[in-house]
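What follows is a short report on a single structure.
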Amino acid sequence: MREFIRRSYLTVSPLSQASVDDAWTHDADAVVLDLHGVPYQNKGRARPVLREQLPSLAKGGADAFVHISMAYLHADAEAAVWPGLNGILLSHPETALDVLEADAAVADMEKRHGVDTGSVEMVLLLGSAKGVWNIREVITASPRVTTVGLDDTSLLADLGILASPDLDPLASFARGRLVMEAAGVDENLHGHQGVYRLGIAYPLSAFPRPDASPDEVLQSAKIAKESVFNGALCPDPSWVGPCNRGFTPTDEQLAHHRKVQETYAAGLAIGRGAVPFGDGRFVERPFHELAKKIIALRTMCDERDAEKAAARATAGRSRPA
């Protein structure tokens, strides 16, 4: 069972060595080398440098990922799967067979490149109507799959939709389907949140502007969290802090849920399963269970932030003057 905190996935181009070298300083929970976004004619330059770039991504405590393409699966996997890799982002699988093919390719590279067997995770980004339609079989095809998200831009293009920032055309079906299917996966395998959900609120999900204001990113992350998403891709370092905050339960939420727990415990002590909570509300077991999950999430977020702070402090002391 895997439990982790990844509120922010900072994406950097492997062709920008300066961005790669600087990525560890930005407090991201994960850093992603975006091989998928490299134009085809430049992939031959990008693939050979991934192996050398991977170790530096973890200097600040971030998990290390490479974003690869289903269309170039085997060449991309061969370049990406090396020691130091936590996982791959895979765009755009459509069937369980696609995921199984990716699983086999990763397993082969683990064996050939000296990576612990079964250690490389898969984050799936669905970019077609077929992928969304088959989402249940796709996300359950391999135990490597820990996270799933939508590639809004590709999905909208596949559907032939010219999107407007004023109305989310994916809200009614695609996002709801993703949340329901991912959250319902066996928690004995994936933890209490099922398969994690990657995404930020519309319109930034479809129009991910690197120059979006911190407040705009923060509000979008908060909305996504309330929609049961766990983290987001960050196209610019300025997104990392707002995403980390937006996907973390606030102090006010923490205090509220602790009060819920205390109230419920007091009720149980006197044999009551429903306890008045003020303003005509009652605390019952479902609220208590939710409170436990929110408090546990906040604890995990705080622990993750402390780990990264310690790693950055150590890395900072080792930097050449």
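Letters for chains follow the order of the structure tokens (A, B, ...), residue numbers begin at 1 for each chain, and ligand numbers begin at 1 in the order shown.
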Could you give me, as a compact mmCIF listing (two decimals) with C-alpha atoms, in the first residue's frame, each residue of region 66-136 of chain A that DSSP assigns to helix (DSSP H, G or I) when run on this structure's backbone?
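Okay, out.txt is ready:
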# COMPACT_ATOMS: atom_id res chain seq x y z
CA MET A 70 2.63 6.33 -25.27
CA ALA A 71 3.46 6.99 -28.92
CA TYR A 72 7.21 6.61 -28.24
CA LEU A 73 6.90 4.27 -25.27
CA HIS A 74 9.90 1.99 -25.68
CA ALA A 75 12.45 4.62 -26.67
CA ASP A 76 11.24 6.96 -23.94
CA ALA A 77 11.20 4.25 -21.26
CA GLU A 78 14.72 3.15 -22.18
CA ALA A 79 15.92 6.73 -21.69
CA ALA A 80 13.91 7.40 -18.52
CA ALA A 96 -5.57 -1.82 -20.34
CA LEU A 97 -3.31 -3.32 -23.01
CA ASP A 98 -1.54 0.04 -23.35
CA VAL A 99 -0.87 0.11 -19.62
CA LEU A 100 0.30 -3.50 -19.60
CA GLU A 101 2.67 -2.73 -22.47
CA ALA A 102 4.04 0.23 -20.51
CA ASP A 103 4.36 -1.94 -17.39
CA ALA A 104 6.36 -4.53 -19.35
CA ALA A 105 8.60 -1.87 -20.90
CA VAL A 106 9.33 -0.34 -17.50
CA ALA A 107 9.96 -3.77 -15.95
CA ASP A 108 12.42 -4.59 -18.71
CA MET A 109 14.29 -1.33 -18.15
CA GLU A 110 14.33 -1.87 -14.38
CA LYS A 111 16.06 -5.19 -14.95
CA ARG A 112 18.49 -3.89 -17.55
CA HIS A 113 19.38 -0.64 -15.78
CA ALA A 129 -12.36 10.10 -25.17
CA LYS A 130 -11.43 6.42 -25.49
CA GLY A 131 -9.05 6.69 -22.55
CA VAL A 132 -11.72 8.28 -20.36
CA TRP A 133 -14.34 5.73 -21.45
CA ILE A 135 -10.75 4.56 -17.31
CA ARG A 136 -11.66 1.72 -14.94
Identify, on the basis of only C-alpha atoms, every residue whose closest approach to Cys234 (chain A) does not exceed 12 Å; exclude the query and any residue fewer than 5 positions from it along the same chain; express the result as a PyMOL selection string.
chain A and resi 6-12+23+26-34+198-200+204-205+208-212+214+217-218+221+239-244
With N, CA and C atoms kept, could you save the residues just selected as a short mmCIF file (atom, residue, chain, number, x, y, z; two decimals), in the first residue's frame?
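part24.cif, freshly written:
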data_model
loop_
_atom_site.label_atom_id
_atom_site.label_comp_id
_atom_site.auth_asym_id
_atom_site.auth_seq_id
_atom_site.Cartn_x
_atom_site.Cartn_y
_atom_site.Cartn_z
N ARG A 6 1.98 14.40 -2.91
CA ARG A 6 2.50 15.08 -4.09
C ARG A 6 1.47 16.12 -4.53
N ARG A 7 1.58 17.28 -3.92
CA ARG A 7 0.66 18.37 -4.24
C ARG A 7 1.12 19.16 -5.44
N SER A 8 2.42 19.13 -5.72
CA SER A 8 3.00 19.93 -6.80
C SER A 8 3.98 19.08 -7.59
N TYR A 9 3.75 19.00 -8.91
CA TYR A 9 4.67 18.34 -9.83
C TYR A 9 5.25 19.43 -10.73
N LEU A 10 6.45 19.90 -10.43
CA LEU A 10 7.09 20.94 -11.23
C LEU A 10 7.67 20.33 -12.49
N THR A 11 7.21 20.80 -13.65
CA THR A 11 7.70 20.27 -14.92
C THR A 11 8.81 21.15 -15.47
N VAL A 12 9.89 20.52 -15.92
CA VAL A 12 11.01 21.24 -16.52
C VAL A 12 11.44 20.50 -17.78
N ALA A 23 15.80 23.22 -10.28
CA ALA A 23 14.49 22.69 -9.91
C ALA A 23 14.39 22.33 -8.44
N HIS A 26 12.87 24.80 -5.46
CA HIS A 26 11.53 25.41 -5.50
C HIS A 26 10.50 24.74 -4.60
N ASP A 27 10.89 23.75 -3.77
CA ASP A 27 10.00 23.16 -2.78
C ASP A 27 8.90 22.30 -3.39
N ALA A 28 9.09 21.81 -4.61
CA ALA A 28 8.08 20.94 -5.22
C ALA A 28 8.10 19.57 -4.56
N ASP A 29 6.94 18.95 -4.46
CA ASP A 29 6.88 17.58 -3.97
C ASP A 29 7.45 16.60 -4.99
N ALA A 30 7.35 16.94 -6.27
CA ALA A 30 7.92 16.12 -7.34
C ALA A 30 8.43 17.04 -8.44
N VAL A 31 9.48 16.60 -9.11
CA VAL A 31 9.99 17.32 -10.28
C VAL A 31 9.92 16.36 -11.47
N VAL A 32 9.42 16.88 -12.60
CA VAL A 32 9.17 16.05 -13.78
C VAL A 32 10.01 16.56 -14.94
N LEU A 33 10.85 15.68 -15.48
CA LEU A 33 11.55 15.98 -16.72
C LEU A 33 10.58 15.72 -17.87
N ASP A 34 10.21 16.77 -18.60
CA ASP A 34 9.11 16.68 -19.56
C ASP A 34 9.61 16.26 -20.94
N LEU A 198 -4.80 13.76 -10.17
CA LEU A 198 -3.92 14.88 -10.52
C LEU A 198 -4.71 15.87 -11.37
N GLY A 199 -4.78 17.11 -10.92
CA GLY A 199 -5.50 18.11 -11.70
C GLY A 199 -5.76 19.38 -10.92
N ILE A 200 -5.94 20.46 -11.63
CA ILE A 200 -6.25 21.75 -11.04
C ILE A 200 -7.54 22.24 -11.66
N LEU A 204 -7.53 26.88 -15.60
CA LEU A 204 -6.09 26.64 -15.61
C LEU A 204 -5.75 25.22 -16.05
N SER A 205 -6.67 24.28 -15.85
CA SER A 205 -6.41 22.91 -16.28
C SER A 205 -6.25 22.82 -17.80
N PRO A 208 -3.08 26.34 -18.96
CA PRO A 208 -2.15 26.45 -17.83
C PRO A 208 -1.11 27.56 -18.03
N ARG A 209 -1.50 28.79 -17.79
CA ARG A 209 -0.62 29.93 -18.03
C ARG A 209 0.50 29.98 -16.99
N PRO A 210 1.77 29.93 -17.42
CA PRO A 210 2.88 30.05 -16.46
C PRO A 210 2.86 31.36 -15.69
N ASP A 211 2.25 32.41 -16.29
CA ASP A 211 2.23 33.72 -15.63
C ASP A 211 0.98 33.93 -14.78
N ALA A 212 0.21 32.89 -14.52
CA ALA A 212 -0.95 33.04 -13.65
C ALA A 212 -0.52 33.53 -12.28
N PRO A 214 -0.14 34.09 -8.25
CA PRO A 214 -0.17 33.12 -7.14
C PRO A 214 -1.56 32.93 -6.55
N VAL A 217 -3.66 30.69 -8.87
CA VAL A 217 -3.26 29.29 -8.75
C VAL A 217 -3.76 28.72 -7.42
N LEU A 218 -3.61 29.51 -6.34
CA LEU A 218 -4.05 29.04 -5.03
C LEU A 218 -5.54 28.73 -5.02
N ALA A 221 -6.25 25.61 -6.97
CA ALA A 221 -5.84 24.41 -6.24
C ALA A 221 -6.84 24.09 -5.14
N TRP A 239 4.07 28.36 -9.49
CA TRP A 239 2.87 27.60 -9.14
C TRP A 239 3.08 26.71 -7.92
N VAL A 240 4.31 26.38 -7.60
CA VAL A 240 4.58 25.34 -6.60
C VAL A 240 4.04 25.71 -5.22
N GLY A 241 4.41 26.89 -4.72
CA GLY A 241 3.96 27.30 -3.40
C GLY A 241 2.44 27.34 -3.27
N PRO A 242 1.74 28.00 -4.22
CA PRO A 242 0.27 28.02 -4.14
C PRO A 242 -0.35 26.62 -4.21
N CYS A 243 0.22 25.72 -5.01
CA CYS A 243 -0.34 24.36 -5.06
C CYS A 243 -0.09 23.61 -3.76
N ASN A 244 1.11 23.77 -3.19
CA ASN A 244 1.38 23.12 -1.91
C ASN A 244 0.39 23.59 -0.84
#
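Proximity ranking of A:Gly114, A:Thr314, A:Phe4, A:Lys293 relative to Asp63 (chain A) places A:Phe4 first, based on only C-alpha atoms.
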Could you check how far CA of Ala62 (chain A) sits from CA of Leu254 (chain A), in Å to one decimal?
25.1 Å
Within 10 Å of Ser164 (chain A) using only C-alpha atoms, minus same-chain residues under 6 positions, as a ChimeraX atom specification
/A:203,206-207
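Minimum atom-to-atom distances from A:Ala46, A:Ala58, A:Ile139, A:Leu90 to Met180 (chain A) were compared using only C-alpha atoms, and the lowest value belongs to A:Ile139.
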Residue contacts of region 119-128 of chain A (6 Å, only C-alpha atoms) excluding same-chain residues fewer than 4 positions away, as a PyMOL selection string:
chain A and resi 86-92+144-145+147-151+154-155+158
Give me, please, the distance in Å between CA of Phe277 (chain A) and CA of Thr263 (chain A), quoted to one decimal.
7.3 Å
Surrounding residues of Ser13 (chain A) excluding itself and chain neighbours under 2 positions, 8 Å, only C-alpha atoms, as a ChimeraX atom specification
/A:11,15-17,19-20,33-35,37-38
Nearest candidate to Leu170 (chain A) (options A:Asp279, A:Asp22, A:Asp152, A:Glu303; using only C-alpha atoms)
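Closest candidate: A:Asp152.
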Among the residues A:Thr140, A:Pro14, A:Lys59, A:Glu94, the one that comes closest to Arg47 (chain A) [using only C-alpha atoms]:
A:Pro14
